[in-house]
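Pasting upload-v7.txt here (compact mmCIF, C-alpha atoms):
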# COMPACT_ATOMS: atom_id res chain seq x y z
CA MET A 559 -31.80 21.49 5.43
CA SER A 560 -29.13 19.78 7.58
CA HIS A 561 -25.45 20.14 6.87
CA ALA A 562 -22.28 18.43 7.99
CA ASN A 563 -20.56 19.98 10.98
CA THR A 564 -17.89 22.05 9.30
CA ASN A 565 -16.45 25.41 10.23
CA THR A 566 -17.61 28.39 8.23
CA ILE A 567 -14.41 29.12 6.35
CA ILE A 568 -15.79 31.27 3.53
CA ALA A 569 -18.43 33.76 4.65
CA ASN A 570 -19.61 35.02 1.28
CA ALA A 571 -19.14 34.46 -2.47
CA ALA A 572 -20.93 35.20 -5.74
CA ILE A 573 -21.25 33.57 -9.16
CA ASP A 574 -22.84 35.03 -12.29
CA ILE A 575 -23.38 32.27 -14.88
CA GLY A 576 -24.14 33.84 -18.25
CA TYR A 577 -24.63 32.40 -21.71
CA PHE A 578 -21.26 33.73 -22.88
CA SER A 579 -19.15 34.00 -19.74
CA THR A 580 -19.16 33.06 -16.07
CA LYS A 581 -17.94 35.53 -13.45
CA VAL A 582 -16.92 34.84 -9.86
CA ALA A 583 -16.42 37.24 -6.95
CA SER A 584 -14.97 36.51 -3.52
CA MET A 585 -12.86 38.21 -0.88
CA SER A 586 -9.08 38.08 -0.82
CA GLU A 587 -7.06 40.17 1.65
CA ARG A 588 -10.06 42.39 2.39
CA SER A 589 -10.72 43.33 -1.23
CA ILE A 590 -13.19 41.88 -3.70
CA THR A 591 -11.47 39.72 -6.33
CA THR A 592 -13.07 38.67 -9.60
CA ILE A 593 -12.35 36.18 -12.34
CA GLY A 594 -14.20 35.45 -15.56
CA PHE A 595 -14.10 32.52 -17.95
CA THR A 596 -16.00 31.34 -20.99
CA SER A 597 -19.33 29.60 -20.38
CA GLN A 598 -18.36 26.79 -22.72
CA CYS A 599 -17.56 23.36 -21.31
CA GLY A 600 -15.55 20.79 -23.19
CA ARG A 601 -16.28 17.16 -22.36
CA SER A 602 -13.07 15.60 -21.14
CA ASP A 603 -12.35 11.93 -20.46
CA ALA A 604 -8.98 12.76 -18.93
CA ASN A 605 -6.77 15.65 -17.90
CA PRO A 606 -5.74 17.98 -20.76
CA ILE A 607 -2.72 16.69 -22.67
CA LEU A 608 0.58 18.22 -21.62
CA SER A 609 3.62 18.24 -23.88
CA VAL A 610 7.17 19.43 -23.45
CA GLY A 611 7.54 23.02 -24.62
CA MET A 612 3.80 23.69 -24.52
CA ASN A 613 1.77 25.66 -21.99
CA ALA A 614 -0.87 23.97 -19.85
CA LEU A 615 -4.51 24.90 -20.42
CA ALA A 616 -6.07 27.16 -17.79
CA GLY A 617 -9.03 25.36 -16.28
CA VAL A 618 -10.19 22.42 -14.24
CA ASN A 619 -12.03 19.14 -14.74
CA VAL A 620 -15.36 18.89 -12.90
CA VAL A 621 -17.76 15.95 -12.83
CA VAL A 622 -21.53 16.24 -13.31
CA ASP A 623 -23.72 13.12 -13.51
CA GLY A 624 -20.63 11.00 -14.08
CA ILE A 625 -19.43 13.12 -17.04
CA SER A 626 -16.20 15.09 -16.87
CA TYR A 627 -16.19 18.68 -18.18
CA PHE A 628 -13.24 21.01 -18.63
CA VAL A 629 -14.16 24.44 -17.27
CA GLY A 630 -12.12 27.64 -17.17
CA PRO A 631 -10.47 30.39 -19.24
CA ASP A 632 -9.22 27.92 -21.87
CA ALA A 633 -12.36 25.78 -22.10
CA THR A 634 -12.92 26.92 -25.70
CA LEU A 635 -9.67 25.18 -26.61
CA GLN A 636 -11.07 21.92 -25.22
CA THR A 637 -14.33 22.05 -27.22
CA LYS A 638 -14.91 20.23 -30.47
CA GLY A 639 -14.09 22.04 -33.71
CA ARG A 640 -17.78 22.46 -34.48
CA GLU A 641 -19.79 23.27 -31.39
CA SER A 642 -22.46 25.95 -31.21
CA ARG A 643 -23.42 27.70 -27.98
CA THR A 644 -26.72 26.85 -26.35
CA ILE A 645 -29.02 29.80 -25.61
CA THR A 646 -32.19 28.46 -24.08
CA GLU A 647 -34.48 29.32 -21.18
CA ASN A 648 -33.73 25.82 -19.84
CA PHE A 649 -30.00 26.55 -19.58
CA VAL A 650 -30.14 26.11 -15.79
CA ASN A 651 -31.31 22.52 -16.26
CA THR A 652 -28.27 21.45 -18.29
CA ASN A 653 -25.17 19.60 -17.12
CA GLU A 654 -23.13 22.47 -18.55
CA TYR A 655 -24.75 24.95 -16.17
CA MET A 656 -23.89 22.80 -13.16
CA ALA A 657 -20.36 22.30 -14.52
CA LEU A 658 -19.90 26.09 -14.73
CA PHE A 659 -21.19 26.40 -11.16
CA LYS A 660 -18.68 23.82 -9.91
CA GLY A 661 -15.93 25.55 -11.87
CA GLY A 662 -16.90 28.82 -10.19
CA ILE A 663 -16.71 27.19 -6.74
CA HIS A 664 -13.23 25.86 -7.63
CA TYR A 665 -12.02 29.40 -8.35
CA ILE A 666 -13.57 30.64 -5.10
CA LEU A 667 -11.52 28.00 -3.27
CA LYS A 668 -8.40 29.22 -5.09
CA ASP A 669 -9.09 32.76 -3.87
CA HIS A 670 -9.10 31.40 -0.32
CA ALA A 671 -6.11 29.11 -0.81
CA ALA A 672 -4.37 30.18 2.38
CA THR A 673 -7.44 29.23 4.43
CA VAL A 674 -8.74 26.11 2.69
CA LYS A 675 -5.50 24.42 1.63
CA GLY A 676 -5.54 20.85 2.92
CA GLN A 677 -9.20 21.03 3.96
CA LYS A 678 -11.46 18.21 2.85
CA ASN A 679 -14.64 19.98 3.98
CA VAL A 680 -15.31 23.66 3.24
CA ASN A 681 -18.36 25.63 4.27
CA ILE A 682 -19.66 28.68 2.35
CA ARG A 683 -22.07 30.61 4.54
CA ARG A 684 -23.81 32.46 1.67
CA LEU A 685 -23.66 32.34 -2.12
CA VAL A 686 -25.39 34.95 -4.27
CA VAL A 687 -26.18 34.16 -7.92
CA GLY A 688 -28.20 35.83 -10.65
CA LEU A 689 -30.66 34.96 -13.40
CA PRO A 690 -31.95 36.84 -16.47
CA LEU A 691 -35.30 38.51 -15.91
CA ASN A 692 -37.06 36.30 -18.46
CA THR A 693 -36.26 33.15 -16.45
CA PHE A 694 -36.10 34.53 -12.91
CA ASP A 695 -39.71 33.89 -11.85
CA GLN A 696 -39.71 30.34 -13.22
CA LYS A 697 -36.21 29.25 -12.18
CA ASN A 698 -35.07 31.12 -9.06
CA GLU A 699 -36.37 28.58 -6.52
CA GLU A 700 -35.04 25.73 -8.62
CA VAL A 701 -31.55 27.27 -8.79
CA LYS A 702 -31.59 27.93 -5.04
CA GLU A 703 -32.44 24.29 -4.37
CA MET A 704 -29.79 23.06 -6.84
CA PHE A 705 -26.97 25.07 -5.27
CA GLU A 706 -27.74 24.82 -1.55
CA GLY A 707 -26.20 21.81 0.14
CA ASN A 708 -23.17 19.67 -0.55
CA HIS A 709 -21.09 19.55 -3.74
CA LYS A 710 -17.92 17.65 -4.60
CA VAL A 711 -15.54 20.10 -6.25
CA PRO A 712 -11.87 19.92 -7.29
CA GLY A 713 -9.74 21.71 -4.71
CA ILE A 714 -6.72 23.91 -5.29
CA ASP A 715 -4.39 20.90 -5.51
CA GLY A 716 -6.74 18.78 -7.60
CA GLU A 717 -8.09 16.79 -4.66
CA THR A 718 -11.84 16.48 -4.22
CA VAL A 719 -13.30 18.82 -1.60
CA ASP A 720 -16.78 18.58 -0.06
CA VAL A 721 -18.18 22.10 -0.27
CA THR A 722 -21.33 22.83 1.72
CA ILE A 723 -23.30 25.96 0.81
CA ASN A 724 -25.56 26.97 3.67
CA ALA A 725 -27.68 29.64 1.98
CA VAL A 726 -28.19 30.75 -1.62
CA THR A 727 -29.70 34.06 -2.69
CA VAL A 728 -30.90 34.37 -6.29
CA ILE A 729 -31.49 37.86 -7.74
CA ARG A 730 -32.19 39.43 -11.10
CA GLN A 731 -28.88 39.99 -12.89
CA PRO A 732 -29.08 43.80 -13.47
CA GLN A 733 -29.77 44.30 -9.78
CA GLY A 734 -26.11 43.49 -9.20
CA ALA A 735 -24.97 46.40 -11.38
CA MET A 736 -27.40 48.73 -9.60
CA LEU A 737 -25.98 47.75 -6.19
CA ASN A 738 -22.38 47.97 -7.39
CA SER A 739 -22.90 51.48 -8.78
CA GLY A 740 -24.61 52.59 -5.59
CA SER A 741 -21.79 51.26 -3.41
CA LYS A 742 -19.34 53.74 -4.94
CA LYS A 743 -21.28 56.73 -3.68
CA SER A 744 -21.20 58.50 -0.33
CA GLN A 745 -24.00 57.82 2.15
CA ALA A 746 -25.81 61.04 1.19
CA GLU A 747 -25.34 60.43 -2.53
CA MET A 748 -26.51 56.83 -2.17
CA GLN A 749 -29.87 57.90 -0.75
CA ASP A 750 -30.46 60.24 -3.69
CA TYR A 751 -29.21 57.61 -6.14
CA TYR A 752 -31.70 54.93 -5.09
CA ALA A 753 -34.58 57.43 -4.83
CA GLN A 754 -34.30 58.11 -8.58
CA ASN A 755 -35.98 56.27 -11.42
CA LEU A 756 -33.05 54.05 -12.43
CA LEU A 757 -33.03 52.02 -15.64
CA ILE A 758 -30.25 49.42 -15.72
CA ILE A 759 -29.77 47.86 -19.18
CA ASP A 760 -27.54 44.80 -19.18
CA LEU A 761 -26.45 43.45 -22.58
CA GLY A 762 -24.89 40.06 -22.00
CA GLY A 763 -23.93 37.23 -24.29
CA GLY A 764 -27.39 35.71 -24.72
CA THR A 765 -29.89 38.20 -23.34
CA CYS A 766 -30.57 41.91 -23.00
CA ASP A 767 -31.99 42.51 -19.52
CA TRP A 768 -33.41 45.74 -18.18
CA LEU A 769 -34.51 46.63 -14.68
CA LEU A 770 -36.46 49.76 -13.73
CA SER A 771 -36.40 50.73 -10.07
CA ASN A 772 -37.40 53.52 -7.73
CA ASP A 773 -36.35 53.75 -4.07
CA ARG A 774 -34.94 50.17 -4.26
CA LYS A 775 -38.30 48.93 -5.55
CA ILE A 776 -38.36 46.97 -8.79
CA LEU A 777 -41.08 47.92 -11.26
CA ARG A 778 -41.66 44.32 -12.31
CA HIS A 779 -44.09 44.96 -15.17
CA ARG A 780 -41.66 47.40 -16.78
CA SER A 781 -38.58 45.20 -16.30
CA ASP A 782 -37.87 42.23 -18.54
CA ALA A 783 -35.38 40.52 -20.85
CA TYR A 784 -35.07 39.88 -24.57
CA PRO A 785 -33.35 36.65 -25.73
CA LYS A 786 -30.70 38.34 -27.84
CA GLY A 787 -27.30 39.67 -26.86
CA VAL A 788 -23.75 40.07 -28.08
CA LEU A 789 -23.70 36.51 -29.42
CA ALA A 790 -26.57 37.41 -31.77
CA CYS A 791 -24.39 40.26 -33.09
CA VAL A 792 -21.46 37.87 -33.53
CA PHE A 793 -23.62 35.25 -35.28
CA ALA A 794 -24.98 37.95 -37.63
CA ILE A 795 -21.43 38.83 -38.65
CA CYS A 796 -20.54 35.15 -39.05
CA ASP A 797 -23.54 34.60 -41.32
CA ALA A 798 -22.58 37.61 -43.44
CA ILE A 799 -19.13 36.11 -44.06
CA ASN A 800 -19.82 32.36 -44.00
CA LYS A 801 -22.89 30.73 -42.45
CA GLY A 802 -20.79 27.86 -41.08
CA TYR A 803 -18.58 30.10 -38.97
CA SER A 804 -21.10 30.49 -36.14
CA THR A 805 -20.49 26.88 -35.04
CA ASP A 806 -16.72 27.34 -34.74
CA PRO A 807 -16.08 28.44 -31.12
CA MET A 808 -12.68 29.98 -31.89
CA VAL A 809 -14.12 32.09 -34.74
CA VAL A 810 -16.96 33.23 -32.46
CA GLN A 811 -14.46 34.15 -29.76
CA ARG A 812 -12.32 36.16 -32.17
CA ILE A 813 -15.22 38.19 -33.57
CA ASP A 814 -16.67 38.72 -30.10
CA ASP A 815 -13.31 40.04 -28.89
CA ALA A 816 -13.17 42.48 -31.81
CA LEU A 817 -16.67 43.79 -31.07
CA ARG A 818 -16.32 44.13 -27.30
CA SER A 819 -12.80 45.58 -27.44
CA GLY A 820 -13.56 47.99 -30.28
CA LYS A 821 -10.85 46.53 -32.51
CA GLN A 822 -10.78 47.86 -36.05
CA SER A 823 -10.40 44.43 -37.65
CA PHE A 824 -10.20 40.68 -37.14
CA LYS A 825 -8.56 37.90 -39.15
CA LEU A 826 -10.14 34.70 -40.49
CA ASN A 827 -8.38 32.35 -42.90
CA GLY A 828 -5.56 34.91 -43.08
CA VAL A 829 -7.98 37.52 -44.42
CA GLU A 830 -8.39 40.76 -42.47
CA TYR A 831 -11.99 41.90 -42.09
CA LYS A 832 -12.77 45.47 -41.07
CA THR A 833 -15.15 45.50 -38.13
CA ALA A 834 -16.80 48.68 -39.41
CA ASP A 835 -17.94 46.85 -42.55
CA TYR A 836 -20.23 44.67 -40.40
CA LEU A 837 -21.67 47.24 -38.02
CA SER A 838 -24.96 47.25 -39.94
CA GLN A 839 -25.46 43.60 -38.91
CA THR A 840 -24.76 44.39 -35.26
CA LYS A 841 -26.91 47.53 -35.27
CA GLN A 842 -29.92 45.55 -36.40
CA VAL A 843 -29.64 43.34 -33.30
CA LEU A 844 -28.88 46.26 -30.97
CA HIS A 845 -31.86 48.24 -32.27
CA GLU A 846 -34.08 45.20 -31.71
CA CYS A 847 -32.97 45.14 -28.08
CA LEU A 848 -33.58 48.86 -27.60
CA ASN A 849 -37.02 48.59 -29.18
CA GLN A 850 -37.89 45.81 -26.73
CA VAL A 851 -36.73 47.97 -23.83
CA MET A 852 -38.87 50.88 -25.02
CA THR A 853 -41.92 48.68 -25.52
CA SER A 854 -41.60 47.37 -21.97
CA VAL A 855 -40.68 50.60 -20.15
CA GLY A 856 -43.18 52.63 -22.16
CA SER A 857 -41.48 56.02 -21.85
CA LEU A 858 -38.05 57.31 -20.89
CA THR A 859 -39.28 60.78 -19.98
CA SER A 860 -39.21 60.22 -16.22
CA ILE A 861 -35.98 58.19 -16.16
CA ASP A 862 -33.27 59.95 -14.15
CA GLN A 863 -30.40 57.62 -15.04
CA ILE A 864 -29.91 54.98 -17.72
CA ILE A 865 -26.92 52.79 -16.89
CA PHE A 866 -25.55 50.46 -19.57
CA THR A 867 -23.71 47.43 -18.28
CA GLY A 868 -22.72 43.90 -19.29
CA GLY A 869 -20.08 42.77 -21.76
CA GLY A 870 -21.98 44.49 -24.57
CA GLY A 871 -22.79 47.63 -22.59
CA LYS A 872 -20.50 49.86 -24.62
CA LEU A 873 -21.98 48.58 -27.88
CA LEU A 874 -25.55 49.16 -26.74
CA HIS A 875 -24.73 52.60 -25.33
CA GLY A 876 -23.40 53.64 -28.74
CA ALA A 877 -26.57 52.42 -30.46
CA ALA A 878 -28.79 54.10 -27.85
CA GLN A 879 -27.17 57.48 -28.48
CA GLU A 880 -28.41 57.24 -32.05
CA VAL A 881 -31.86 55.83 -31.26
CA TRP A 882 -32.60 57.91 -28.14
CA PRO A 883 -30.73 61.22 -28.76
CA GLU A 884 -33.05 63.15 -26.44
CA ASN A 885 -31.92 60.96 -23.50
CA VAL A 886 -28.15 61.21 -24.00
CA ASN A 887 -27.76 63.44 -20.93
CA VAL A 888 -29.00 60.72 -18.56
CA MET A 889 -27.03 57.85 -20.14
CA THR A 890 -23.89 56.47 -18.53
CA ILE A 891 -21.70 53.42 -19.09
CA ASP A 892 -20.89 51.27 -16.09
CA ASP A 893 -17.20 51.70 -15.26
CA ASP A 894 -16.83 47.92 -14.78
CA PRO A 895 -19.50 46.47 -17.06
CA VAL A 896 -18.19 42.89 -17.24
CA PHE A 897 -17.91 42.32 -13.49
CA SER A 898 -20.40 44.88 -12.17
CA ASN A 899 -23.23 42.38 -11.68
CA VAL A 900 -21.16 39.80 -9.79
CA ARG A 901 -19.58 42.51 -7.62
CA GLY A 902 -23.07 43.67 -6.73
CA PHE A 903 -24.06 40.09 -5.92
CA PHE A 904 -21.11 39.86 -3.53
CA LEU A 905 -21.98 43.16 -1.84
CA LEU A 906 -25.56 41.98 -1.33
CA GLY A 907 -24.26 38.80 0.32
CA MET A 908 -22.17 40.90 2.69
CA MET A 909 -25.22 42.95 3.64
CA GLN A 910 -27.34 39.85 4.19
CA ASN A 911 -24.68 38.23 6.36
CA ALA A 912 -24.33 41.41 8.42
CA ALA A 913 -28.11 41.56 8.95
CA SER A 914 -28.47 37.90 9.95
Write the structure described by the file as structure tokens, please.
Amino acid sequence: MSHANTNTIIANAAIDIGYFSTKVASMSERSITTIGFTSQCGRSDANPILSVGMNALAGVNVVVDGISYFVGPDATLQTKGRESRTITENFVNTNEYMALFKGGIHYILKDHAATVKGQKNVNIRRLVVGLPLNTFDQKNEEVKEMFEGNHKVPGIDGETVDVTINAVTVIRQPQGAMLNSGSKKSQAEMQDYYAQNLLIIDLGGGTCDWLLSNDRKILRHRSDAYPKGVLACVFAICDAINKGYSTDPMVVQRIDDALRSGKQSFKLNGVEYKTADYLSQTKQVLHECLNQVMTSVGSLTSIDQIIFTGGGGKLLHGAAQEVWPENVNVMTIDDDPVFSNVRGFFLLGMMQNAAS
């Protein structure tokens, strides 16, 4: 693939586009920086309305196939009042997926503002992205082809920037968490860590992914994904209160926040609902996920470490302690479950660049 002659300004970056949220990792002042935003995109014919005395929405307008989408932390506030989230294996083929990608590139440019400010052409040497295990085999080459090459993206001052991505690496999402956890260990500890039978269970917004590895080798036939995640828990609670609530993005966001943050209650229509009263709905979904993991892995007897990660990692860890009590001693929660995957993606990109 030929590219325009531009200087390599950004050596490495990573984007993790999930059903619920999109995470970005890049390098700023020699440390990895991360940002996350909702994976919803509001169609926007113009810039968000500003009014005296009101705060501006956090986000950016990106264009895909001639349609403008508002992407960023406040994208939910730009969606229609009734708009359900799409959870489909063809997510990567939607305009929304490409809009989230372009939004992620915009935030990477912001991280490198001192270097790229005023540039009309920016080159990213390597981008690492991830896919759920249930779509990886079918979609990884397609995603690589979609993202490599030239993209027109809003720059840090709103001007259009031509961003050329030289190389794209696509990996299975839980592999990022495995790499991130390993990077925090000493050289001697790292060797022992990877030599173990590691089971990484990643509960995201739309899928529960699990990856079983030994000595950096993926056991493919015992690694997979189940198309339910934290959003299924949220929708179950919505249905228990009012079946129409699951299509209201702000209601979904409020219940999701209560679940992930461990809040005791949440308010709807001025009524305070105790989160504990709806744990039976969430447990049903979580137990489904754990049963799928067990069916795929077959046995946990030889597993040396089970690491729970993803936005719903804490929730699933709690359920697993009840379902798999004999394995509690080998269970741990990722210390940065939301951004662990994308940090691992970034670290992999650094290693690939160093080796090339």
TODO: Give me, please, the distance in Å between CA of Ile865 (chain A) and CA of Leu756 (chain A), quoted to one decimal.
DONE: 7.7 Å
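One finds CA of Met585 (chain A) at 21.6 Å from CA of Gly868 (chain A).
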Task: One-decimal distance in Å that lies between CA of Ser838 (chain A) and CA of Glu880 (chain A) - done: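 Between CA of Glu880 (chain A) and CA of Ser838 (chain A) the gap works out to 13.2 Å.
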Open item on the list: Give me the residues near region 764-773 of chain A as JSON, numbers by chain, where near means some atom within 8 Å (using all atoms listed in the file) and where sequence neighbours in that chain fewer than 6 positions away do not count.
Closed with: {"A": [576, 577, 578, 645, 690, 691, 731, 732, 733, 752, 753, 754, 755, 756, 757, 758, 780, 781, 782, 783, 784, 785, 786, 787, 788, 789, 790, 847, 851, 855]}
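Comparing the minimum interatomic distances between Leu848 (chain A) and each of A:Gln749, A:Gly828, A:Lys821, A:Val881, counting only C-alpha atoms, we find that A:Val881 sits nearest.
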Open item on the list: Measuring between all atoms listed in the file, which one of A:Lys801, A:Arg684, A:Lys710, A:His845 shows the shortest distance to Asn724 (chain A)?
Closed with: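 The closest residue to Asn724 (chain A) is A:Arg684.
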Under the rule of at most 9 Å, produce a per-residue listing of region 717-766 of chain A near region 869-878 of chain A: chain, number, name, the closest pair of atoms, and the distance in Å, as a tab-separated table, using all atoms listed in the file.
residue	atom	partner	partner_atom	distance
A:Ile759	CA	A:Gly871	CA	7.8
A:Asp760	CA	A:Gly871	CA	6.5
A:Leu761	CA	A:Gly870	CA	5.0
A:Gly762	CA	A:Gly869	CA	5.5
A:Gly763	CA	A:Gly869	CA	7.2
Open item on the list: Given the point (-19.4, 27.3, -6.1) in the coordinates of this file, which residues lie within 10 Å, counting all atoms listed in the file, and how would they look as a ChimeraX atom specification?
Closed with: /A:571-573,582,656-667,682,685-687,705-706,709-711,721-723
Would you kindly return, as a CSV table (one decimal) with C-alpha atoms, in the frame of the given file, each protein, DNA or RNA residue with an atom no farther than 12 Å from any atom of Gly716 (chain A), considering only C-alpha atoms and excluding same-chain residues fewer than 3 positions away?
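What ended up in out31.csv:
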chain,number,residue,atom,x,y,z
A,605,ASN,CA,-6.8,15.6,-17.9
A,617,GLY,CA,-9.0,25.4,-16.3
A,618,VAL,CA,-10.2,22.4,-14.2
A,619,ASN,CA,-12.0,19.1,-14.7
A,620,VAL,CA,-15.4,18.9,-12.9
A,664,HIS,CA,-13.2,25.9,-7.6
A,665,TYR,CA,-12.0,29.4,-8.4
A,667,LEU,CA,-11.5,28.0,-3.3
A,668,LYS,CA,-8.4,29.2,-5.1
A,675,LYS,CA,-5.5,24.4,1.6
A,676,GLY,CA,-5.5,20.8,2.9
A,678,LYS,CA,-11.5,18.2,2.8
A,710,LYS,CA,-17.9,17.6,-4.6
A,711,VAL,CA,-15.5,20.1,-6.2
A,712,PRO,CA,-11.9,19.9,-7.3
A,713,GLY,CA,-9.7,21.7,-4.7
A,719,VAL,CA,-13.3,18.8,-1.6
Open item on the list: Under the rule that all atoms listed in the file are counted, which of A:Val680, A:Lys743, A:Gln879, A:Val728 is the nearest residue to Asn708 (chain A)?
Closed with: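 Of the candidates, the smallest distance to Asn708 (chain A) is held by A:Val680.
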Open item on the list: With distances taken over only C-alpha atoms, which residue among A:Ile575, A:Asp814, A:Lys581, A:Lys832 lies nearest Val701 (chain A)?
Closed with: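 Under the stated criterion, the closest residue is A:Ile575.
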TODO: Would you mind listing what lies within 10 Å of Gln636 (chain A) as a count of residues only, with all atoms listed in the file counted and same-chain residues fewer than 6 positions away left out?
DONE: 12
Open item on the list: Using only C-alpha atoms, can you tell me which of A:Gly688, A:Gln696, A:Ser857, A:Asn570 comes closest to Ile590 (chain A)?
Closed with: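 Answer, going by the shortest atom-to-atom distance: A:Asn570.
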